[in-house]
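The structure file final00.cif is reproduced below (mmCIF, C-alpha atoms and all ligand atoms).
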```cif
data_my_file
loop_
_atom_site.label_atom_id
_atom_site.label_comp_id
_atom_site.auth_asym_id
_atom_site.auth_seq_id
_atom_site.Cartn_x
_atom_site.Cartn_y
_atom_site.Cartn_z
CA MET A 1319 17.31 -23.81 -9.73
CA PRO A 1320 13.60 -23.68 -10.56
CA ASP A 1321 12.20 -23.23 -7.05
CA ALA A 1322 9.18 -21.58 -5.45
CA LEU A 1323 10.88 -18.18 -5.62
CA SER A 1324 11.48 -18.24 -9.35
CA GLU A 1325 8.03 -19.65 -9.94
CA TYR A 1326 6.49 -16.79 -7.96
CA GLN A 1327 8.66 -14.24 -9.73
CA SER A 1328 7.65 -15.38 -13.22
CA ALA A 1329 3.99 -15.73 -12.26
CA PHE A 1330 3.95 -12.24 -10.75
CA ALA A 1331 5.72 -10.64 -13.71
CA ALA A 1332 3.19 -12.28 -16.04
CA VAL A 1333 0.19 -11.02 -14.05
CA VAL A 1334 1.53 -7.46 -13.89
CA GLY A 1335 2.64 -7.57 -17.50
CA VAL A 1336 6.31 -6.69 -17.00
CA ASP A 1337 9.45 -8.59 -17.85
CA HIS A 1338 11.24 -8.75 -14.50
CA ALA A 1339 10.15 -9.43 -10.92
CA PHE A 1340 12.28 -9.96 -7.81
CA THR A 1341 11.00 -11.22 -4.49
CA PHE A 1342 12.06 -9.78 -1.13
CA TRP A 1343 11.20 -10.18 2.54
CA LYS A 1344 8.93 -7.08 2.55
CA GLY A 1345 7.71 -4.37 0.19
CA ARG A 1346 9.98 -1.78 1.78
CA VAL A 1347 12.95 -4.04 1.08
CA ALA A 1348 11.95 -4.21 -2.58
CA LEU A 1349 11.89 -0.40 -2.71
CA TYR A 1350 15.32 -0.31 -1.10
CA ALA A 1351 16.63 -2.67 -3.78
CA ILE A 1352 15.21 -0.50 -6.57
CA LEU A 1353 16.64 2.74 -5.15
CA LYS A 1354 20.00 1.15 -4.54
CA ALA A 1355 20.10 -0.40 -8.01
CA LEU A 1356 19.38 3.05 -9.41
CA GLY A 1357 22.45 4.29 -7.60
CA LEU A 1358 20.51 6.79 -5.48
CA GLY A 1359 22.09 8.03 -2.30
CA ARG A 1360 23.64 10.97 -0.55
CA GLY A 1361 22.64 14.38 -1.88
CA ASP A 1362 19.79 12.98 -3.99
CA GLU A 1363 16.22 14.15 -3.51
CA ILE A 1364 13.33 11.78 -4.03
CA ILE A 1365 9.78 13.08 -4.28
CA ILE A 1366 7.13 11.12 -2.39
CA PRO A 1367 3.60 11.99 -1.27
CA GLY A 1368 3.30 13.22 2.33
CA TYR A 1369 0.46 10.74 2.84
CA THR A 1370 2.17 7.43 3.22
CA CYS A 1371 3.59 5.05 5.75
CA VAL A 1372 7.02 5.66 7.16
CA MET A 1373 8.13 2.25 5.90
CA ALA A 1374 7.94 3.63 2.36
CA VAL A 1375 10.20 6.52 3.37
CA ASN A 1376 12.81 4.56 5.32
CA PRO A 1377 14.58 3.04 2.30
CA ILE A 1378 15.21 6.57 0.95
CA VAL A 1379 16.71 7.69 4.22
CA TYR A 1380 18.66 4.45 4.75
CA LEU A 1381 20.51 5.21 1.52
CA GLY A 1382 21.33 8.73 2.63
CA ALA A 1383 18.94 10.36 0.15
CA LYS A 1384 16.40 12.99 1.10
CA PRO A 1385 12.61 12.50 0.90
CA ILE A 1386 10.76 15.56 -0.40
CA PHE A 1387 7.14 15.39 0.69
CA VAL A 1388 4.43 16.67 -1.63
CA ASP A 1389 0.77 17.23 -0.85
CA ILE A 1390 -2.07 15.17 -2.27
CA GLU A 1391 -5.30 15.67 -4.18
CA PRO A 1392 -8.30 15.38 -1.85
CA GLU A 1393 -10.34 13.04 -4.09
CA THR A 1394 -7.79 10.33 -4.78
CA PHE A 1395 -5.30 10.86 -1.94
CA ASN A 1396 -2.53 10.75 -4.54
CA ALA A 1397 0.29 13.21 -5.19
CA ASP A 1398 -0.81 16.49 -6.70
CA PRO A 1399 1.17 17.01 -9.94
CA ASP A 1400 1.37 20.77 -9.30
CA ALA A 1401 2.94 20.05 -5.93
CA ILE A 1402 5.45 17.72 -7.58
CA GLU A 1403 6.29 20.44 -10.09
CA ALA A 1404 6.82 22.92 -7.27
CA ALA A 1405 9.04 20.48 -5.35
CA LEU A 1406 11.52 19.91 -8.18
CA SER A 1407 15.07 21.03 -7.57
CA PRO A 1408 18.37 20.47 -9.37
CA ARG A 1409 18.93 17.55 -6.98
CA THR A 1410 15.65 15.74 -7.74
CA ARG A 1411 16.60 12.23 -8.86
CA ALA A 1412 13.37 10.23 -8.75
CA ILE A 1413 9.63 10.46 -8.18
CA ILE A 1414 7.71 7.84 -6.23
CA ALA A 1415 4.14 7.57 -7.50
CA GLN A 1416 2.03 5.93 -4.82
CA HIS A 1417 -1.36 4.53 -5.82
CA THR A 1418 -3.15 5.26 -2.57
CA TYR A 1419 -5.97 2.88 -1.48
CA GLY A 1420 -5.79 1.51 -5.03
CA TYR A 1421 -6.57 4.77 -6.83
CA PRO A 1422 -4.11 5.16 -9.69
CA ALA A 1423 -1.89 8.21 -9.28
CA PRO A 1424 -2.04 10.81 -12.08
CA MET A 1425 0.53 9.01 -14.18
CA ARG A 1426 0.13 11.11 -17.32
CA GLU A 1427 1.29 14.25 -15.50
CA ILE A 1428 3.87 12.47 -13.36
CA ILE A 1429 5.50 10.71 -16.31
CA ALA A 1430 5.56 13.99 -18.25
CA ILE A 1431 7.38 15.76 -15.42
CA ALA A 1432 9.83 12.90 -15.02
CA GLU A 1433 10.57 12.67 -18.73
CA ARG A 1434 11.21 16.37 -18.94
CA ARG A 1435 13.77 16.00 -16.15
CA GLY A 1436 15.13 12.68 -17.33
CA ILE A 1437 14.50 11.01 -13.96
CA PRO A 1438 12.84 7.67 -13.16
CA VAL A 1439 9.37 7.13 -11.75
CA ILE A 1440 8.98 4.33 -9.23
CA GLU A 1441 5.40 3.22 -8.66
CA ASP A 1442 4.33 2.26 -5.15
CA CYS A 1443 1.82 -0.48 -5.92
CA CYS A 1444 1.62 -1.81 -2.36
CA LEU A 1445 -2.06 -0.87 -2.18
CA ALA A 1446 -2.93 -1.40 -5.83
CA ASN A 1447 -2.71 -4.72 -7.56
CA GLY A 1448 -5.04 -4.78 -10.54
CA SER A 1449 -5.94 -1.08 -10.72
CA ARG A 1450 -5.89 0.37 -14.22
CA TYR A 1451 -5.20 3.83 -15.53
CA ASP A 1452 -6.00 4.84 -19.08
CA GLY A 1453 -6.53 1.17 -19.89
CA ARG A 1454 -3.20 -0.06 -18.55
CA PRO A 1455 -2.36 -1.74 -15.25
CA VAL A 1456 -0.53 0.26 -12.59
CA GLY A 1457 3.03 -0.90 -12.27
CA SER A 1458 3.55 -0.69 -16.03
CA PHE A 1459 4.06 3.09 -16.25
CA GLY A 1460 7.20 3.78 -14.27
CA LEU A 1461 10.69 2.43 -14.78
CA ALA A 1462 10.09 0.22 -11.76
CA ALA A 1463 7.41 -0.60 -9.22
CA TYR A 1464 7.18 -2.30 -5.88
CA TRP A 1465 4.50 -4.39 -4.25
CA SER A 1466 3.69 -5.70 -0.78
CA GLY A 1467 2.26 -8.95 0.52
CA GLN A 1468 1.74 -7.70 4.07
CA TRP A 1469 -1.50 -8.57 5.94
CA ASN A 1470 -3.52 -5.56 4.81
CA LYS A 1471 -2.57 -5.55 1.18
CA PRO A 1472 -4.44 -6.75 -1.96
CA TYR A 1473 -3.40 -10.26 -1.01
CA THR A 1474 -1.07 -11.48 1.67
CA THR A 1475 1.86 -13.82 1.97
CA GLY A 1476 2.11 -12.89 5.67
CA ILE A 1477 4.69 -10.32 4.81
CA GLY A 1478 6.46 -10.05 1.49
CA GLY A 1479 7.64 -7.72 -1.23
CA ILE A 1480 8.28 -7.68 -4.95
CA ALA A 1481 10.21 -5.30 -7.17
CA THR A 1482 9.27 -5.20 -10.84
CA THR A 1483 10.83 -3.37 -13.73
CA ARG A 1484 10.60 -3.23 -17.48
CA SER A 1485 14.26 -2.28 -17.78
CA ALA A 1486 16.66 -5.14 -18.46
CA ASP A 1487 19.54 -3.01 -17.21
CA LEU A 1488 17.87 -2.20 -13.89
CA ALA A 1489 16.75 -5.81 -13.58
CA SER A 1490 20.28 -7.09 -13.83
CA LYS A 1491 21.36 -4.66 -11.11
CA ILE A 1492 18.50 -5.62 -8.78
CA GLY A 1493 19.26 -9.30 -9.44
CA GLN A 1494 22.90 -8.78 -8.58
CA LEU A 1495 22.05 -6.96 -5.33
CA SER A 1496 19.64 -9.72 -4.40
CA ARG A 1497 22.22 -12.44 -5.02
CA GLU A 1498 25.26 -10.70 -3.57
CA GLU A 1499 24.03 -8.44 -0.77
CA ALA A 1500 20.62 -9.60 0.42
CA LEU A 1501 20.51 -12.00 3.37
CA SER A 1502 18.45 -15.14 3.60
CA PRO A 1503 15.64 -15.05 6.17
CA GLY A 1504 16.39 -17.10 9.26
CA PRO A 1505 14.70 -20.44 9.99
CA LYS A 1506 13.00 -19.15 13.15
CA GLU A 1507 11.27 -16.17 11.53
CA THR A 1508 10.33 -18.28 8.53
CA LEU A 1509 8.75 -20.90 10.74
CA MET A 1510 6.87 -18.29 12.77
CA LEU A 1511 5.60 -16.73 9.59
CA PHE A 1512 4.43 -20.13 8.38
CA ALA A 1513 2.48 -20.67 11.61
CA GLN A 1514 0.89 -17.23 11.35
CA LEU A 1515 -0.18 -17.86 7.79
CA MET A 1516 -1.82 -21.11 8.84
CA ILE A 1517 -3.78 -19.31 11.55
CA TYR A 1518 -4.66 -16.45 9.24
CA ARG A 1519 -5.91 -18.69 6.45
CA SER A 1520 -8.18 -20.52 8.86
CA ILE A 1521 -10.15 -17.33 9.45
CA VAL A 1522 -13.12 -17.33 7.17
CA PHE A 1523 -15.85 -15.32 8.83
CA PRO A 1524 -15.82 -11.55 8.41
CA ARG A 1525 -17.06 -11.04 11.95
CA THR A 1526 -13.95 -12.51 13.43
CA THR A 1527 -11.61 -10.20 11.57
CA ALA A 1528 -11.69 -7.31 14.04
CA MET A 1529 -11.14 -9.74 16.89
CA ILE A 1530 -8.32 -11.53 15.14
CA GLN A 1531 -6.59 -8.23 14.47
CA ASN A 1532 -6.61 -7.60 18.19
CA VAL A 1533 -5.24 -11.07 18.85
CA PHE A 1534 -2.43 -10.45 16.39
CA ARG A 1535 -1.63 -7.09 17.94
CA TRP A 1536 -1.47 -8.72 21.34
CA LEU A 1537 0.74 -11.56 20.12
CA THR A 1538 2.98 -9.00 18.42
CA LYS A 1539 3.42 -7.17 21.73
CA LEU A 1540 4.48 -10.45 23.30
CA GLY A 1541 7.01 -10.94 20.51
CA LEU A 1542 5.25 -14.05 19.26
CA VAL A 1543 4.59 -13.01 15.69
CA VAL A 1544 6.78 -11.74 12.90
CA GLY A 1545 5.47 -8.18 13.09
CA SER A 1546 5.19 -6.25 9.87
CA SER A 1547 7.14 -3.47 11.58
CA GLN A 1548 9.41 -3.16 14.57
CA SER A 1549 9.51 0.00 16.63
CA SER A 1550 13.04 0.63 15.35
CA GLU A 1551 11.45 1.24 11.97
CA TYR A 1552 9.74 4.41 13.16
CA THR A 1553 13.13 6.08 13.14
CA PRO A 1554 15.45 6.34 10.14
CA VAL A 1555 18.00 3.79 11.28
CA MET A 1556 18.44 0.62 9.25
CA GLU A 1557 18.54 -2.71 11.07
CA ALA A 1558 21.48 -4.94 10.19
CA ASP A 1559 19.22 -7.65 8.76
CA PHE A 1560 16.87 -5.33 6.86
CA PHE A 1561 17.94 -6.30 3.35
CA LYS A 1562 16.51 -9.80 3.10
CA ARG A 1563 15.26 -12.09 0.40
CA MET A 1564 11.91 -13.82 0.43
CA SER A 1565 11.45 -17.23 2.04
CA GLY A 1566 10.04 -20.24 0.22
CA VAL A 1567 7.04 -20.15 2.56
CA GLN A 1568 6.06 -16.71 1.29
CA ALA A 1569 6.70 -17.59 -2.34
CA ARG A 1570 4.59 -20.76 -2.22
CA SER A 1571 1.80 -18.82 -0.56
CA GLY A 1572 2.19 -16.07 -3.18
CA VAL A 1573 1.83 -18.46 -6.10
CA ARG A 1574 -1.46 -19.71 -4.63
CA GLN A 1575 -2.78 -16.25 -3.77
CA LEU A 1576 -1.91 -14.86 -7.17
CA ARG A 1577 -4.24 -17.37 -8.81
CA LYS A 1578 -7.11 -15.91 -6.77
CA LEU A 1579 -6.22 -12.27 -7.41
CA ALA A 1580 -8.53 -11.72 -10.40
CA ARG A 1581 -11.49 -13.19 -8.52
CA GLY A 1582 -10.64 -11.14 -5.45
CA ASN A 1583 -10.50 -7.98 -7.53
CA ILE A 1584 -13.97 -8.58 -8.97
CA HIS A 1585 -15.19 -8.91 -5.40
CA ARG A 1586 -13.45 -5.64 -4.46
CA HIS A 1587 -15.21 -3.93 -7.39
CA GLU A 1588 -18.58 -5.24 -6.28
CA MET A 1589 -18.03 -4.16 -2.70
CA THR A 1590 -16.89 -0.73 -3.88
CA THR A 1591 -20.03 -0.22 -5.94
CA LEU A 1592 -22.13 -1.35 -2.99
CA TYR A 1593 -20.46 1.15 -0.68
CA ASP A 1594 -20.91 3.86 -3.32
CA ASP A 1595 -24.65 3.24 -3.34
CA LEU A 1596 -25.13 2.73 0.40
CA LEU A 1597 -23.05 5.75 1.38
CA ALA A 1598 -24.77 7.96 -1.17
CA SER A 1599 -28.17 6.97 0.28
CA ALA A 1600 -26.78 7.66 3.75
CA GLY A 1601 -26.02 11.25 2.72
CA PHE A 1602 -22.28 10.96 2.18
CA PRO A 1603 -20.71 12.74 -0.76
CA VAL A 1604 -19.64 9.93 -3.02
CA VAL A 1605 -17.44 10.05 -6.05
CA ARG A 1606 -18.32 7.08 -8.20
CA HIS A 1607 -15.29 4.93 -8.34
CA CYS A 1608 -15.28 2.65 -11.23
CA GLU A 1609 -15.18 3.28 -14.93
CA GLY A 1610 -15.37 -0.23 -16.19
CA HIS A 1611 -17.77 -2.12 -14.00
CA GLY A 1612 -21.00 -0.45 -13.13
CA GLY A 1613 -19.71 2.80 -11.76
CA THR A 1614 -20.06 4.62 -15.07
CA ARG A 1615 -23.04 6.57 -13.77
CA GLY A 1616 -20.87 8.92 -11.84
CA THR A 1617 -18.42 11.69 -12.31
CA PRO A 1618 -14.73 11.01 -12.79
CA LEU A 1619 -12.67 11.38 -9.66
CA THR A 1620 -10.76 14.40 -10.88
CA SER A 1621 -11.23 16.52 -13.94
CA ARG A 1622 -7.77 15.84 -15.22
CA THR A 1623 -7.63 12.06 -15.06
CA PRO A 1624 -8.14 9.83 -18.05
CA PRO A 1625 -10.38 6.84 -17.35
CA ILE A 1626 -9.32 5.10 -14.18
CA ASP A 1627 -10.45 1.73 -12.95
CA PRO A 1628 -9.27 1.41 -9.38
CA VAL A 1629 -9.29 -1.82 -7.44
CA LEU A 1630 -9.53 -0.54 -3.90
CA VAL A 1631 -7.68 -2.28 -1.13
CA ARG A 1632 -9.84 -0.44 1.41
CA TYR A 1633 -12.66 2.05 0.79
CA PRO A 1634 -11.80 5.48 2.23
CA VAL A 1635 -14.52 7.71 3.66
CA ARG A 1636 -14.34 11.02 5.51
CA VAL A 1637 -16.23 11.00 8.79
CA ALA A 1638 -17.27 13.65 11.31
CA ASP A 1639 -15.58 12.16 14.35
CA LYS A 1640 -12.76 9.82 13.43
CA ALA A 1641 -11.64 9.10 16.97
CA ARG A 1642 -15.12 8.00 18.01
CA ALA A 1643 -15.62 6.05 14.79
CA LEU A 1644 -12.49 4.04 15.49
CA SER A 1645 -12.96 3.50 19.18
CA ASP A 1646 -16.54 2.23 18.92
CA ALA A 1647 -16.16 0.16 15.76
CA SER A 1648 -15.30 -3.26 17.12
CA ARG A 1649 -18.17 -3.04 19.63
CA HIS A 1650 -20.45 -2.78 16.59
CA LEU A 1651 -18.61 -5.66 14.89
CA VAL A 1652 -17.35 -3.25 12.30
CA GLU A 1653 -13.84 -3.52 10.91
CA LEU A 1654 -12.56 0.01 10.35
CA GLY A 1655 -9.07 0.81 9.23
CA SER A 1656 -7.17 4.00 9.75
CA TRP A 1657 -4.37 4.78 7.41
CA PHE A 1658 -2.92 7.11 7.34
CA GLU A 1659 -3.14 8.71 10.78
CA VAL A 1660 -0.23 11.06 10.21
CA PRO A 1661 1.49 12.04 6.95
CA LEU A 1662 4.15 9.40 7.68
CA HIS A 1663 2.04 6.73 9.35
CA PRO A 1664 1.96 5.68 12.21
CA HIS A 1665 1.78 8.05 15.20
CA GLU A 1666 5.01 6.64 16.63
CA THR A 1667 7.00 8.09 13.73
CA ASP A 1668 9.55 10.71 14.67
CA LEU A 1669 8.35 13.14 11.98
CA ALA A 1670 11.15 15.61 12.58
CA ALA A 1671 13.75 12.92 11.96
CA TYR A 1672 12.35 12.61 8.44
CA GLY A 1673 12.22 16.35 7.79
CA TYR A 1674 8.44 16.52 7.95
CA THR A 1675 7.08 19.57 9.73
CA ALA A 1676 3.42 20.20 10.56
CA GLY A 1677 1.66 22.18 7.86
CA MET A 1678 3.87 20.91 5.05
CA CYS A 1679 1.03 18.97 3.41
CA PRO A 1680 -2.27 20.46 4.64
CA VAL A 1681 -4.54 18.40 2.37
CA SER A 1682 -2.88 15.26 3.65
CA GLU A 1683 -3.13 16.37 7.26
CA LYS A 1684 -6.85 17.00 6.82
CA ALA A 1685 -7.27 13.53 5.30
CA CYS A 1686 -5.39 12.07 8.27
CA ARG A 1687 -7.90 13.73 10.60
CA GLU A 1688 -10.99 12.67 8.63
CA VAL A 1689 -10.52 9.41 6.74
CA VAL A 1690 -11.33 5.94 7.96
CA ASN A 1691 -11.38 3.01 5.58
CA LEU A 1692 -13.89 0.24 5.09
CA PRO A 1693 -13.15 -3.38 4.26
CA VAL A 1694 -13.65 -4.77 0.76
CA HIS A 1695 -11.50 -7.88 1.12
CA PRO A 1696 -12.65 -11.38 0.17
CA ARG A 1697 -14.13 -12.09 3.61
CA THR A 1698 -16.65 -9.23 3.27
CA ASN A 1699 -20.12 -9.38 1.75
CA ALA A 1700 -23.33 -7.38 1.36
CA LYS A 1701 -24.15 -7.79 5.05
CA THR A 1702 -20.74 -6.48 6.02
CA ALA A 1703 -21.31 -3.45 3.79
CA GLN A 1704 -24.75 -2.77 5.26
CA ARG A 1705 -23.59 -3.11 8.85
CA THR A 1706 -20.52 -0.99 8.18
CA VAL A 1707 -22.46 1.79 6.46
CA ASP A 1708 -25.17 1.79 9.17
CA TYR A 1709 -22.39 2.40 11.63
CA ILE A 1710 -20.65 5.03 9.52
CA LYS A 1711 -23.99 6.77 9.08
CA SER A 1712 -24.34 7.03 12.84
CA ILE A 1713 -21.01 8.90 12.91
CA GLY A 1714 -21.90 11.14 9.97
CA PRO A 1715 -19.88 12.68 7.15
CA ALA A 1716 -17.03 15.12 7.71
CA ALA A 1717 -18.12 18.75 7.57
C1 LIG A 1801 2.36 -1.36 3.21
C2 LIG A 1801 2.94 -0.27 2.40
C3 LIG A 1801 4.31 -0.23 2.13
C4 LIG A 1801 5.32 -1.17 2.73
O1 LIG A 1801 5.05 -2.50 2.47
P1 LIG A 1801 5.72 -3.60 3.45
O2 LIG A 1801 5.56 -4.88 2.69
O3 LIG A 1801 4.96 -3.57 4.72
O4 LIG A 1801 7.15 -3.24 3.61
C5 LIG A 1801 4.75 0.78 1.30
N1 LIG A 1801 3.92 1.69 0.78
C6 LIG A 1801 2.61 1.68 1.03
C7 LIG A 1801 1.72 2.73 0.42
C8 LIG A 1801 2.07 0.71 1.86
O5 LIG A 1801 0.76 0.73 2.14
#
```

Could you write out this file's structure as structure tokens?
Amino acid sequence: MPDALSEYQSAFAAVVGVDHAFTFWKGRVALYAILKALGLGRGDEIIIPGYTCVMAVNPIVYLGAKPIFVDIEPETFNADPDAIEAALSPRTRAIIAQHTYGYPAPMREIIAIAERRGIPVIEDCCLANGSRYDGRPVGSFGLAAYWSGQWNKPYTTGIGGIATTRSADLASKIGQLSREEALSPGPKETLMLFAQLMIYRSIVFPRTTAMIQNVFRWLTKLGLVVGSSQSSEYTPVMEADFFKRMSGVQARSGVRQLRKLARGNIHRHEMTTLYDDLLASAGFPVVRHCEGHGGTRGTPLTSRTPPIDPVLVRYPVRVADKARALSDASRHLVELGSWFEVPLHPHETDLAAYGYTAGMCPVSEKACREVVNLPVHPRTNAKTAQRTVDYIKSIGPAA
């Protein structure tokens, strides 16, 4: 039946430039489907950066596999290929390449390692929709990729997830899992999500965003919104209704949002260049971000990367006093984000239950202490950037 879901799937696959796309309730569910379709489970080790959210780790653990955390590169917040190399074992079965904040991960090195070992690479594109690496879009390098439509992502369908792959074989397995094992979302949660989307879409002024976030947090506490995460998801125990398909509400929203993605990405580029300039004048060390659109003045992010053209979902910056920066932000009408606060975000995560011990990924832990992120979404503009950087300047750069 040609419905909203199949329309969204074909439209998404076309935009990303892959053959197969499958919609799910959330991004994490899409990752679960990919891992399961690959037959990964007990005894298998999966490499993942130790600078992520716990929701990206849960699917690994749900399947009985073991996450192996690797440290990141300080400039791009992405997995350090040398750390991946050092983490390989005879049980390594897959590498998850996360494109953090929208910066493409070092795919050349990661693909080379994976090919040598004959294991798949799965790209985490939840924060990167439109970023390019070496002239090609992220999501087209690995065997599979997954994407999120949660509130803070490149565009939102309330919540939502997509798995993509260029492999016909893997696609048929993911399709089968989706048809035979995934549950349909219930009418109540679908209706609540619909109401939330209506409220969300009615917010147009950047100034209201910080306030609205607080309203949503408050409603979540009261159990009145479909939260992106439940507290049970901070521990590695899978809820009975975790493996769910996407609702028509999300898919219809996705089709509409996808049409605006290219325009939104141009806006993100412009905001990024603005922040580059403003932060540099404010005395912050700035690595110029963009190869293809006005950022060519600067140095590449790392010496080893081929040209990258990131579309940032948020603009990360290292500040002197992160706690103060966060606590005073909304008073200054500034919308600051803070991911990731711990290597497996958020603070509530039972790190030990995931096998993460303090000191495992020192570069990541330092980033967790220092980095806040600035908004570049479609409701921001030059005034937002100026106000935000004035505020960030008052906090000062990290030592
Ligand atoms: C948000 C996010 C996810 C999970 O996406 P959901 O749709 O919330 O399940 C996974 N990985 C990263 C890097 C994310 O930022």

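The point (11.0, 14.2, 0.6) has these residues within 8 Å of it, counting all atoms listed in the file: Glu1363, Ile1364, Ile1365, Ile1366, Pro1367, Gly1368, Lys1384, Pro1385, Ile1386, Phe1387, Val1388 and Gly1673 of chain A.
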
Inset, instruction - Step by step: start from the point (4.0, -6.3, -12.8) in the file's coordinates, keep every protein, DNA or RNA residue that has an atom no farther than 6 Å from it, count all atoms listed in the file, and write the set as a VMD selection string. - result: chain A and resid 1331 1334 to 1336 1457 1482

Legend entry - Contacts of segment 1624-1631 of chain A within 7 Å, only C-alpha atoms, excl. fewer than 4 positions in-chain, as a list in words: Tyr1419, Gly1420, Tyr1421, Pro1422, Leu1445, Ala1446, Gly1448, Ser1449, Arg1450, Tyr1451, Asp1452, Lys1471, Pro1472, Asn1583, Arg1586, His1587, Cys1608, Glu1609, Gly1610 and Val1694 of chain A

Legend entry - Near-ligand residues for ligand LIG 1801 (chain A), threshold 8 Å, all atoms listed in the file, as JSON, numbers by chain: {"A": [1343, 1344, 1345, 1346, 1347, 1348, 1370, 1371, 1372, 1373, 1374, 1416, 1417, 1418, 1419, 1442, 1443, 1444, 1445, 1465, 1466, 1467, 1468, 1470, 1471, 1477, 1478, 1479, 1546, 1547]}

Inset, instruction - Check the smallest atom-to-atom distance from each of A:Val1567, A:Cys1686, A:Leu1356, A:Ala1463 to Gly1476 of chain A using all atoms listed in the file, then report the winner. - result: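 When distances to Gly1476 of chain A are compared using all atoms listed in the file, the smallest one comes from A:Val1567.
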
Legend entry - Atom-to-atom span, atom CA of Arg1435 of chain A and atom CA of Leu1406 of chain A, Å: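 Pair atom CA of Arg1435 of chain A / atom CA of Leu1406 of chain A returns 9.2 Å.
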
Legend entry - Ala1671 of chain A environment, 12 Å, all atoms listed in the file, sequence neighbours closer than 2 positions dropped, as a ChimeraX atom specification: /A:1372,1375-1376,1379,1384-1385,1551-1555,1662,1666-1669,1673-1675

Inset, instruction - Quick one: pull the distance between atom CA of Arg1426 of chain A and atom CA of Asp1389 of chain A, Å, one decimal. - result: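 Going from atom CA of Arg1426 of chain A over to atom CA of Asp1389 of chain A covers 17.6 Å.
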
Inset, instruction - Record the distance separating atom CA of Ala1513 of chain A and atom CA of Pro1664 of chain A, expressed in Å with one decimal. - result: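 Atom CA of Ala1513 of chain A sits 26.4 Å away from atom CA of Pro1664 of chain A.
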
Inset, instruction - For each of A:Leu1597, A:Leu1349, A:Cys1679, A:Val1544, take the minimum atom-to-atom distance to Leu1515 of chain A, counting only C-alpha atoms, then give the residue where this is smallest. - result: A:Val1544

Legend entry - Nearest candidate to Glu1659 of chain A (options A:Phe1342, A:Tyr1518, A:Tyr1672, A:Tyr1369; using only C-alpha atoms): A:Tyr1369

Legend entry - Contact residues around Asp1321 of chain A with only C-alpha atoms at 12 Å, ignoring same-chain residues under 3 positions, as a list in words: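 Final neighbour list, sorted by chain and number: Ser1324, Glu1325, Tyr1326, Gln1327, Ser1328, Ser1565, Gly1566, Val1567, Ala1569, Arg1570 and Val1573 of chain A.
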
Residues from last step as file, C-alpha atoms, as a PDB file, in the frame of the given file:
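result10.pdb, written as the output of this step:
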```pdb
ATOM      1  CA  SER A1324      11.480 -18.240  -9.350  1.00  0.00           C
ATOM      2  CA  GLU A1325       8.030 -19.650  -9.940  1.00  0.00           C
ATOM      3  CA  TYR A1326       6.490 -16.790  -7.960  1.00  0.00           C
ATOM      4  CA  GLN A1327       8.660 -14.240  -9.730  1.00  0.00           C
ATOM      5  CA  SER A1328       7.650 -15.380 -13.220  1.00  0.00           C
ATOM      6  CA  SER A1565      11.450 -17.230   2.040  1.00  0.00           C
ATOM      7  CA  GLY A1566      10.040 -20.240   0.220  1.00  0.00           C
ATOM      8  CA  VAL A1567       7.040 -20.150   2.560  1.00  0.00           C
ATOM      9  CA  ALA A1569       6.700 -17.590  -2.340  1.00  0.00           C
ATOM     10  CA  ARG A1570       4.590 -20.760  -2.220  1.00  0.00           C
ATOM     11  CA  VAL A1573       1.830 -18.460  -6.100  1.00  0.00           C
TER      12      VAL A1573
END
```

Let me know the centre plus edge lengths, in Å and rounded to one decimal, of a box with edges along x, y and z that contains all listed atoms of segment 1465-1484 of chain A and is padded by 6 Å on every side, as JSON.
```
{"center_x": 3.2, "center_y": -8.5, "center_z": -5.8, "size_x": 27.3, "size_y": 22.6, "size_z": 35.4}
```

Inset, instruction - Pick out the closest residue to Ile1390 of chain A from this set: A:Pro1505, A:Gly1357, A:Pro1408, A:Pro1661. Count all atoms listed in the file. - result: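 That would be A:Pro1661, the residue with the smallest distance to Ile1390 of chain A.
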
Legend entry - Among listed residues A:Ile1517, A:Ala1489, A:Ala1500, A:Ile1414, nearest Phe1459 of chain A (using all atoms listed in the file):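 Among A:Ile1517, A:Ala1489, A:Ala1500, A:Ile1414, it is A:Ile1414 that comes nearest to Phe1459 of chain A.
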
Legend entry - Counting all atoms listed in the file, the residue of A:Ala1329, A:Ile1492, A:Val1681, A:Ala1641 that sits nearest Glu1391 of chain A: A:Val1681

Write out as a JSON list (two decimals) with C-alpha atoms, keeping the file's coordinate frame each polymer residue whose atoms come within 8 Å of segment 1700-1706 of chain A, counting only C-alpha atoms; drop sequence neighbours fewer than 5 positions from it.
```json
[["chain", "number", "residue", "atom", "x", "y", "z"],
["A", 1524, "PRO", "CA", -15.82, -11.55, 8.41],
["A", 1589, "MET", "CA", -18.03, -4.16, -2.70],
["A", 1592, "LEU", "CA", -22.13, -1.35, -2.99],
["A", 1593, "TYR", "CA", -20.46, 1.15, -0.68],
["A", 1596, "LEU", "CA", -25.13, 2.73, 0.40],
["A", 1652, "VAL", "CA", -17.35, -3.25, 12.30],
["A", 1653, "GLU", "CA", -13.84, -3.52, 10.91],
["A", 1692, "LEU", "CA", -13.89, 0.24, 5.09]]
```
